[in-house]
file target04.pdb (PDB, C-alpha atoms)
ATOM      1  CA  MET A   1     132.339 104.211 104.388
ATOM      2  CA  TRP A   2     132.735 107.742 102.926
ATOM      3  CA  ILE A   3     135.538 106.471 100.648
ATOM      4  CA  ILE A   4     132.834 105.995  97.989
ATOM      5  CA  LEU A   5     132.468 109.788  97.730
ATOM      6  CA  ASP A   6     136.182 110.299  97.019
ATOM      7  CA  PRO A   7     136.360 111.050  93.232
ATOM      8  CA  LYS A   8     139.450 108.878  92.742
ATOM      9  CA  CYS A   9     137.685 105.784  94.120
ATOM     10  CA  ARG A  10     134.189 106.393  92.773
ATOM     11  CA  GLY A  11     134.913 104.918  89.324
ATOM     12  CA  PHE A  12     136.109 101.699  90.948
ATOM     13  CA  PHE A  13     132.949 101.354  93.007
ATOM     14  CA  ASN A  14     130.681 102.329  90.116
ATOM     15  CA  TYR A  15     132.228  99.649  87.911
ATOM     16  CA  ASN A  16     131.904  96.956  90.535
ATOM     17  CA  PHE A  17     128.348  98.012  91.373
ATOM     18  CA  ALA A  18     127.455  97.803  87.657
ATOM     19  CA  LEU A  19     128.995  94.328  87.442
ATOM     20  CA  TYR A  20     127.047  93.274  90.517
ATOM     21  CA  LEU A  21     123.796  94.581  89.010
ATOM     22  CA  CYS A  22     124.516  92.622  85.791
ATOM     23  CA  THR A  23     124.927  89.397  87.757
ATOM     24  CA  VAL A  24     121.781  90.165  89.728
ATOM     25  CA  PHE A  25     119.755  90.696  86.549
ATOM     26  CA  SER A  26     121.145  87.654  84.739
ATOM     27  CA  THR A  27     120.475  85.329  87.686
ATOM     28  CA  MET A  28     117.111  86.880  88.468
ATOM     29  CA  THR A  29     115.240  84.623  90.862
ATOM     30  CA  LYS A  30     111.480  84.721  91.286
ATOM     31  CA  LEU A  31     111.926  86.563  94.578
ATOM     32  CA  LEU A  32     113.946  89.310  92.895
ATOM     33  CA  GLU A  33     111.369  89.536  90.113
ATOM     34  CA  TRP A  34     108.582  89.997  92.625
ATOM     35  CA  LEU A  35     110.574  92.518  94.678
ATOM     36  CA  LEU A  36     111.414  94.509  91.566
ATOM     37  CA  GLY A  37     107.830  94.494  90.345
ATOM     38  CA  ALA A  38     106.489  95.392  93.789
ATOM     39  CA  SER A  39     108.956  98.260  94.277
ATOM     40  CA  LEU A  40     108.168  99.689  90.809
ATOM     41  CA  ILE A  41     104.462  99.625  91.562
ATOM     42  CA  GLY A  42     105.163 101.058  95.013
ATOM     43  CA  MET A  43     107.154 103.938  93.532
ATOM     44  CA  ALA A  44     104.407 104.672  91.003
ATOM     45  CA  TRP A  45     101.866 104.760  93.846
ATOM     46  CA  GLY A  46     104.096 107.027  95.934
ATOM     47  CA  LEU A  47     104.550 109.432  93.015
ATOM     48  CA  VAL A  48     100.799 109.740  92.494
ATOM     49  CA  THR A  49      99.801 109.892  96.178
ATOM     50  CA  PHE A  50     102.381 112.433  97.348
ATOM     51  CA  ASP A  51     102.482 114.307  94.027
ATOM     52  CA  LEU A  52     106.289 114.157  93.904
ATOM     53  CA  LEU A  53     106.477 115.087  90.215
ATOM     54  CA  ASP A  54     103.793 117.815  90.400
ATOM     55  CA  LEU A  55     101.797 116.081  87.697
ATOM     56  CA  GLN A  56      98.580 117.819  88.836
ATOM     57  CA  LEU A  57      96.274 114.903  88.158
ATOM     58  CA  PRO A  58      92.525 115.431  88.519
ATOM     59  CA  PRO A  59      91.488 115.223  92.215
ATOM     60  CA  GLN A  60      89.297 112.148  91.717
ATOM     61  CA  TYR A  61      92.284 110.085  90.561
ATOM     62  CA  ARG A  62      94.344 111.213  93.530
ATOM     63  CA  GLU A  63      91.448 110.322  95.856
ATOM     64  CA  LEU A  64      91.354 106.915  94.164
ATOM     65  CA  ALA A  65      95.089 106.288  94.429
ATOM     66  CA  TRP A  66      95.918 106.812  98.075
ATOM     67  CA  PRO A  67      93.913 103.937  99.624
ATOM     68  CA  MET A  68      95.164 101.522  96.923
ATOM     69  CA  PRO A  69      97.573  99.387  99.034
ATOM     70  CA  VAL A  70      94.921  98.804 101.712
ATOM     71  CA  TYR A  71      92.299  98.159  99.020
ATOM     72  CA  LEU A  72      94.442  95.493  97.348
ATOM     73  CA  LEU A  73      95.066  93.807 100.710
ATOM     74  CA  VAL A  74      91.335  93.766 101.513
ATOM     75  CA  VAL A  75      90.506  92.342  98.065
ATOM     76  CA  PHE A  76      93.145  89.651  98.521
ATOM     77  CA  GLY A  77      91.676  88.847 101.954
ATOM     78  CA  CYS A  78      88.159  88.595 100.493
ATOM     79  CA  TYR A  79      89.394  86.300  97.733
ATOM     80  CA  SER A  80      91.170  84.042 100.259
ATOM     81  CA  LEU A  81      88.086  83.896 102.479
ATOM     82  CA  ALA A  82      85.828  83.080  99.519
ATOM     83  CA  THR A  83      88.182  80.346  98.285
ATOM     84  CA  VAL A  84      88.403  78.727 101.724
ATOM     85  CA  GLY A  85      84.622  78.934 102.186
ATOM     86  CA  TYR A  86      83.907  77.457  98.753
ATOM     87  CA  ARG A  87      86.347  74.581  99.254
ATOM     88  CA  VAL A  88      84.804  73.813 102.676
ATOM     89  CA  ALA A  89      81.320  73.797 101.144
ATOM     90  CA  THR A  90      82.246  71.502  98.245
ATOM     91  CA  PHE A  91      84.473  69.159 100.237
ATOM     92  CA  ASN A  92      83.883  65.455  99.371
ATOM     93  CA  ASP A  93      83.131  63.999 102.771
ATOM     94  CA  CYS A  94      82.843  60.185 102.653
ATOM     95  CA  GLU A  95      80.924  59.432 105.853
ATOM     96  CA  ASP A  96      80.481  55.711 105.104
ATOM     97  CA  ALA A  97      84.168  55.248 104.420
ATOM     98  CA  ALA A  98      85.060  57.188 107.593
ATOM     99  CA  LYS A  99      82.845  54.940 109.771
ATOM    100  CA  GLU A 100      84.226  51.814 108.116
ATOM    101  CA  LEU A 101      87.788  53.022 108.722
ATOM    102  CA  GLN A 102      87.111  53.726 112.399
ATOM    103  CA  ALA A 103      85.598  50.246 112.842
ATOM    104  CA  GLN A 104      88.695  48.731 111.233
ATOM    105  CA  ILE A 105      90.990  50.735 113.540
ATOM    106  CA  LYS A 106      89.065  49.448 116.576
ATOM    107  CA  GLU A 107      89.306  45.894 115.288
ATOM    108  CA  ALA A 108      93.047  46.209 114.709
ATOM    109  CA  LYS A 109      93.621  47.638 118.206
ATOM    110  CA  GLU A 110      91.760  44.755 119.864
ATOM    111  CA  ASP A 111      93.598  42.230 117.739
ATOM    112  CA  LEU A 112      96.982  43.666 118.659
ATOM    113  CA  LYS A 113      96.065  43.862 122.375
ATOM    114  CA  LYS A 114      95.213  40.180 122.292
ATOM    115  CA  LYS A 115      98.597  39.447 120.757
ATOM    116  CA  GLY A 116     100.324  41.265 123.579
ATOM    117  CA  LEU A 117     101.156  44.720 122.172
ATOM    118  CA  LYS A 118     100.821  47.395 124.895
ATOM    119  CA  MET A 119      98.786  50.460 123.776
TER
ATOM    120  CA  ARG B   1      79.880  47.087  98.474
ATOM    121  CA  PRO B   2      78.374  49.897  96.319
ATOM    122  CA  PHE B   3      78.339  53.531  97.480
ATOM    123  CA  ILE B   4      74.986  54.441  98.978
ATOM    124  CA  ASN B   5      75.689  58.147  99.478
ATOM    125  CA  THR B   6      77.646  60.234  96.974
ATOM    126  CA  PRO B   7      80.541  61.999  98.718
ATOM    127  CA  GLN B   8      79.328  65.412  99.824
ATOM    128  CA  ALA B   9      79.993  67.955 102.540
ATOM    129  CA  THR B  10      77.632  67.735 105.510
ATOM    130  CA  GLY B  11      74.929  70.378 106.057
ATOM    131  CA  ALA B  12      76.840  72.468 108.594
ATOM    132  CA  ASP B  13      79.950  72.536 106.409
ATOM    133  CA  GLN B  14      77.937  73.716 103.426
ATOM    134  CA  ALA B  15      76.205  76.419 105.462
ATOM    135  CA  VAL B  16      79.480  77.767 106.859
ATOM    136  CA  GLY B  17      81.225  77.523 103.497
ATOM    137  CA  PHE B  18      78.594  79.311 101.469
ATOM    138  CA  GLY B  19      78.137  81.797 104.304
ATOM    139  CA  LEU B  20      81.809  82.705 104.028
ATOM    140  CA  VAL B  21      81.507  83.072 100.247
ATOM    141  CA  GLY B  22      78.466  85.326 100.592
ATOM    142  CA  PHE B  23      80.063  87.449 103.303
ATOM    143  CA  SER B  24      83.250  88.005 101.319
ATOM    144  CA  LEU B  25      81.249  88.925  98.186
ATOM    145  CA  LEU B  26      79.252  91.493 100.177
ATOM    146  CA  LEU B  27      82.389  92.915 101.755
ATOM    147  CA  PHE B  28      84.138  93.093  98.369
ATOM    148  CA  THR B  29      81.200  94.879  96.723
ATOM    149  CA  TYR B  30      80.741  97.441  99.529
ATOM    150  CA  TYR B  31      84.456  98.165  99.796
ATOM    151  CA  THR B  32      84.914  98.448  96.026
ATOM    152  CA  ILE B  33      82.066 100.955  95.743
ATOM    153  CA  TRP B  34      83.516 102.912  98.684
ATOM    154  CA  VAL B  35      87.084 103.101  97.369
ATOM    155  CA  ILE B  36      86.742 103.033  93.576
ATOM    156  CA  VAL B  37      83.275 104.252  92.605
ATOM    157  CA  LEU B  38      82.567 107.066  95.105
ATOM    158  CA  PRO B  39      85.349 109.494  94.013
ATOM    159  CA  PHE B  40      83.659 109.732  90.612
ATOM    160  CA  VAL B  41      80.187 110.394  92.007
ATOM    161  CA  ASP B  42      78.988 113.981  92.650
ATOM    162  CA  SER B  43      79.406 114.936  96.304
ATOM    163  CA  ASP B  44      75.704 115.843  96.657
ATOM    164  CA  HIS B  45      74.443 112.423  95.473
ATOM    165  CA  VAL B  46      72.414 110.478  98.043
ATOM    166  CA  ILE B  47      74.680 107.403  97.856
ATOM    167  CA  HIS B  48      77.366 109.161  99.921
ATOM    168  CA  SER B  49      75.108 108.944 102.987
ATOM    169  CA  TYR B  50      75.542 105.158 103.028
ATOM    170  CA  PHE B  51      79.320 105.381 103.349
ATOM    171  CA  LEU B  52      81.600 106.729 106.064
ATOM    172  CA  PRO B  53      84.182 109.427 105.272
ATOM    173  CA  ARG B  54      87.034 108.223 103.091
ATOM    174  CA  GLU B  55      89.641 108.116 105.874
ATOM    175  CA  TYR B  56      87.743 105.247 107.488
ATOM    176  CA  SER B  57      88.275 103.097 104.389
ATOM    177  CA  VAL B  58      91.930 102.841 105.447
ATOM    178  CA  ILE B  59      91.554 103.068 109.239
ATOM    179  CA  LEU B  60      88.922 100.318 109.607
ATOM    180  CA  PRO B  61      90.870  97.575 107.748
ATOM    181  CA  GLY B  62      93.968  98.606 109.720
ATOM    182  CA  VAL B  63      92.133  98.189 113.025
ATOM    183  CA  ALA B  64      90.649  94.887 111.836
ATOM    184  CA  ALA B  65      94.120  93.609 110.902
ATOM    185  CA  LEU B  66      95.446  94.588 114.347
ATOM    186  CA  ILE B  67      92.584  92.784 116.066
ATOM    187  CA  LEU B  68      93.210  89.715 113.899
ATOM    188  CA  LEU B  69      96.906  89.728 114.789
ATOM    189  CA  LEU B  70      95.978  90.053 118.465
ATOM    190  CA  CYS B  71      93.648  87.056 118.252
ATOM    191  CA  VAL B  72      96.212  84.926 116.416
ATOM    192  CA  GLY B  73      98.919  85.876 118.896
ATOM    193  CA  THR B  74      96.688  85.147 121.885
ATOM    194  CA  PHE B  75      95.696  81.792 120.424
ATOM    195  CA  ILE B  76      99.340  80.801 119.872
ATOM    196  CA  GLY B  77     100.210  81.971 123.368
ATOM    197  CA  VAL B  78      97.417  79.968 124.971
ATOM    198  CA  ILE B  79      98.343  76.808 123.071
ATOM    199  CA  THR B  80     102.040  77.215 123.911
ATOM    200  CA  TRP B  81     101.194  77.782 127.591
ATOM    201  CA  LYS B  82      98.999  74.668 127.687
ATOM    202  CA  ASN B  83     101.695  72.501 126.080
ATOM    203  CA  ARG B  84     104.586  73.629 128.259
ATOM    204  CA  LYS B  85     106.324  70.624 129.792
ATOM    205  CA  PRO B  86     108.240  70.744 133.100
ATOM    206  CA  LYS B  87     112.008  70.510 132.695
ATOM    207  CA  LYS B  88     113.408  67.005 133.192
ATOM    208  CA  VAL B  89     115.227  66.498 136.469
ATOM    209  CA  ASP B  90     118.210  64.080 136.351
TER
END

call {"tool": "encode", "arguments": {"input": "target04.pdb", "output": "structure tokens"}}
result
Amino acid sequence: MWIILDPKCRGFFNYNFALYLCTVFSTMTKLLEWLLGASLIGMAWGLVTFDLLDLQLPPQYRELAWPMPVYLLVVFGCYSLATVGYRVATFNDCEDAAKELQAQIKEAKEDLKKKGLKM
Amino acid sequence: RPFINTPQATGADQAVGFGLVGFSLLLFTYYTIWVIVLPFVDSDHVIHSYFLPREYSVILPGVAALILLLCVGTFIGVITWKNRKPKKVD
């Protein structure tokens, strides 16, 4: 494993790693896109929250930044809940058609029983 | 045969559905004020008395998520236990 640190071999591994990255970027799937985007945003959040670059942002912005991942999850949860609730409330229930269908199922069962099919 | 009733959700469905919408709107508004608005409000303003300290804005959703996971896991466990079939004997 430590062969990568040997100066004579490092160029070889660098070249192959660069080639690999080129293939990764040219055949970028949606998953890779999302992972890349998410990790960039994650790094930006980490930089602000833990002050890794000593940017010395105003305290209010730092207070705002650190709960951000949890906040986004809660907002996503609220949105999901609201969508489910709205779709339940505006669902097109056809009670007449449901009753008619159940009557037809009963009729079909009796008909088949008469003809000898075991239920 | 013509339609007598227009297709519509029944009363209970509508109540539950709109209740969910209302609850999530309330939760969203309260949580947004807590996380995003409060840092920019002076610390001696009266509005701060309606909100818990900032740490709880991360701890409470975490605890709620754990409880939710527990409930989901228990539910799956109960259903799996109920549906277990005895091994076939040749």

call {"tool": "resolve_selection", "arguments": {"input": "target04.pdb", "expression": "the ChimeraX specification (/B :<7) & /A", "output": "number ranges by chain"}}
result
A: 60, 63-64, 67, 70, 75, 78, 81-82, 85-86, 88-94

call {"tool": "atom_distance", "arguments": {"input": "target04.pdb", "atom1": "atom CA of Met28 of chain A", "atom2": "atom CA of Phe12 of chain A"}}
result
24.2 Å

call {"tool": "resolve_selection", "arguments": {"input": "target04.pdb", "expression": "the PyMOL selection byres ((chain A and resi 48) around 12)", "output": "ChimeraX atom specification"}}
result
/A:41-47,49-68

call {"tool": "closest_residue", "arguments": {"input": "target04.pdb", "among": "A:Lys118, A:Tyr71, A:Ala97, A:Asn16", "to": "Tyr30 of chain B", "atoms": "only C-alpha atoms"}}
result
A:Tyr71

call {"tool": "atom_distance", "arguments": {"input": "target04.pdb", "atom1": "atom CA of Leu66 of chain B", "atom2": "atom CA of Ser80 of chain A"}}
result
18.1 Å

call {"tool": "atom_distance", "arguments": {"input": "target04.pdb", "atom1": "atom CA of Val84 of chain A", "atom2": "atom CA of Val72 of chain B"}}
result
17.8 Å

call {"tool": "closest_residue", "arguments": {"input": "target04.pdb", "among": "B:Gly73, B:Thr80, B:Lys85, B:Leu52", "to": "Ile33 of chain B", "atoms": "all atoms listed in the file"}}
result
B:Leu52

call {"tool": "build_atoms", "arguments": {"input": "target04.pdb", "residues": "segment 42-68 of chain A", "atoms": "N, CA and C atoms", "output": "PDB file, in the coordinates of the input"}}
result
ATOM      1  N   GLY A  42     105.156 100.220  93.812  1.00  0.00           N
ATOM      2  CA  GLY A  42     105.163 101.058  95.013  1.00  0.00           C
ATOM      3  C   GLY A  42     105.628 102.469  94.715  1.00  0.00           C
ATOM      4  N   MET A  43     106.657 102.602  93.882  1.00  0.00           N
ATOM      5  CA  MET A  43     107.154 103.938  93.532  1.00  0.00           C
ATOM      6  C   MET A  43     106.114 104.717  92.736  1.00  0.00           C
ATOM      7  N   ALA A  44     105.453 104.010  91.785  1.00  0.00           N
ATOM      8  CA  ALA A  44     104.407 104.672  91.003  1.00  0.00           C
ATOM      9  C   ALA A  44     103.297 105.181  91.913  1.00  0.00           C
ATOM     10  N   TRP A  45     102.905 104.342  92.896  1.00  0.00           N
ATOM     11  CA  TRP A  45     101.866 104.760  93.846  1.00  0.00           C
ATOM     12  C   TRP A  45     102.316 105.965  94.669  1.00  0.00           C
ATOM     13  N   GLY A  46     103.570 105.927  95.135  1.00  0.00           N
ATOM     14  CA  GLY A  46     104.096 107.027  95.934  1.00  0.00           C
ATOM     15  C   GLY A  46     104.120 108.322  95.151  1.00  0.00           C
ATOM     16  N   LEU A  47     104.515 108.236  93.863  1.00  0.00           N
ATOM     17  CA  LEU A  47     104.550 109.432  93.015  1.00  0.00           C
ATOM     18  C   LEU A  47     103.172 110.052  92.894  1.00  0.00           C
ATOM     19  N   VAL A  48     102.148 109.207  92.686  1.00  0.00           N
ATOM     20  CA  VAL A  48     100.799 109.740  92.494  1.00  0.00           C
ATOM     21  C   VAL A  48     100.238 110.286  93.807  1.00  0.00           C
ATOM     22  N   THR A  49     100.422 109.504  94.913  1.00  0.00           N
ATOM     23  CA  THR A  49      99.801 109.892  96.178  1.00  0.00           C
ATOM     24  C   THR A  49     100.414 111.176  96.733  1.00  0.00           C
ATOM     25  N   PHE A  50     101.734 111.280  96.730  1.00  0.00           N
ATOM     26  CA  PHE A  50     102.381 112.433  97.348  1.00  0.00           C
ATOM     27  C   PHE A  50     102.729 113.513  96.333  1.00  0.00           C
ATOM     28  N   ASP A  51     102.314 113.312  95.080  1.00  0.00           N
ATOM     29  CA  ASP A  51     102.482 114.307  94.027  1.00  0.00           C
ATOM     30  C   ASP A  51     103.931 114.773  93.936  1.00  0.00           C
ATOM     31  N   LEU A  52     104.867 113.815  93.869  1.00  0.00           N
ATOM     32  CA  LEU A  52     106.289 114.157  93.904  1.00  0.00           C
ATOM     33  C   LEU A  52     106.763 114.786  92.609  1.00  0.00           C
ATOM     34  N   LEU A  53     106.052 114.525  91.487  1.00  0.00           N
ATOM     35  CA  LEU A  53     106.477 115.087  90.215  1.00  0.00           C
ATOM     36  C   LEU A  53     105.619 116.275  89.811  1.00  0.00           C
ATOM     37  N   ASP A  54     104.706 116.695  90.704  1.00  0.00           N
ATOM     38  CA  ASP A  54     103.793 117.815  90.400  1.00  0.00           C
ATOM     39  C   ASP A  54     103.076 117.602  89.073  1.00  0.00           C
ATOM     40  N   LEU A  55     102.489 116.392  88.948  1.00  0.00           N
ATOM     41  CA  LEU A  55     101.797 116.081  87.697  1.00  0.00           C
ATOM     42  C   LEU A  55     100.444 116.765  87.608  1.00  0.00           C
ATOM     43  N   GLN A  56      99.895 117.157  88.763  1.00  0.00           N
ATOM     44  CA  GLN A  56      98.580 117.819  88.836  1.00  0.00           C
ATOM     45  C   GLN A  56      97.503 117.004  88.152  1.00  0.00           C
ATOM     46  N   LEU A  57      97.345 115.765  88.646  1.00  0.00           N
ATOM     47  CA  LEU A  57      96.274 114.903  88.158  1.00  0.00           C
ATOM     48  C   LEU A  57      94.948 115.401  88.700  1.00  0.00           C
ATOM     49  N   PRO A  58      93.837 115.038  88.012  1.00  0.00           N
ATOM     50  CA  PRO A  58      92.525 115.431  88.519  1.00  0.00           C
ATOM     51  C   PRO A  58      92.301 114.886  89.930  1.00  0.00           C
ATOM     52  N   PRO A  59      91.594 115.625  90.798  1.00  0.00           N
ATOM     53  CA  PRO A  59      91.488 115.223  92.215  1.00  0.00           C
ATOM     54  C   PRO A  59      90.863 113.850  92.434  1.00  0.00           C
ATOM     55  N   GLN A  60      89.929 113.458  91.509  1.00  0.00           N
ATOM     56  CA  GLN A  60      89.297 112.148  91.717  1.00  0.00           C
ATOM     57  C   GLN A  60      90.330 111.022  91.636  1.00  0.00           C
ATOM     58  N   TYR A  61      91.292 111.145  90.711  1.00  0.00           N
ATOM     59  CA  TYR A  61      92.284 110.085  90.561  1.00  0.00           C
ATOM     60  C   TYR A  61      93.224 110.045  91.751  1.00  0.00           C
ATOM     61  N   ARG A  62      93.493 111.216  92.345  1.00  0.00           N
ATOM     62  CA  ARG A  62      94.344 111.213  93.530  1.00  0.00           C
ATOM     63  C   ARG A  62      93.595 110.599  94.706  1.00  0.00           C
ATOM     64  N   GLU A  63      92.282 110.919  94.807  1.00  0.00           N
ATOM     65  CA  GLU A  63      91.448 110.322  95.856  1.00  0.00           C
ATOM     66  C   GLU A  63      91.399 108.807  95.693  1.00  0.00           C
ATOM     67  N   LEU A  64      91.409 108.350  94.443  1.00  0.00           N
ATOM     68  CA  LEU A  64      91.354 106.915  94.164  1.00  0.00           C
ATOM     69  C   LEU A  64      92.662 106.236  94.516  1.00  0.00           C
ATOM     70  N   ALA A  65      93.786 106.946  94.315  1.00  0.00           N
ATOM     71  CA  ALA A  65      95.089 106.288  94.429  1.00  0.00           C
ATOM     72  C   ALA A  65      95.525 106.023  95.869  1.00  0.00           C
ATOM     73  N   TRP A  66      95.238 106.977  96.782  1.00  0.00           N
ATOM     74  CA  TRP A  66      95.918 106.812  98.075  1.00  0.00           C
ATOM     75  C   TRP A  66      95.473 105.623  98.909  1.00  0.00           C
ATOM     76  N   PRO A  67      94.183 105.145  98.854  1.00  0.00           N
ATOM     77  CA  PRO A  67      93.913 103.937  99.624  1.00  0.00           C
ATOM     78  C   PRO A  67      94.282 102.642  98.904  1.00  0.00           C
ATOM     79  N   MET A  68      94.936 102.714  97.747  1.00  0.00           N
ATOM     80  CA  MET A  68      95.164 101.522  96.923  1.00  0.00           C
ATOM     81  C   MET A  68      95.843 100.354  97.633  1.00  0.00           C
TER      82      MET A  68
END
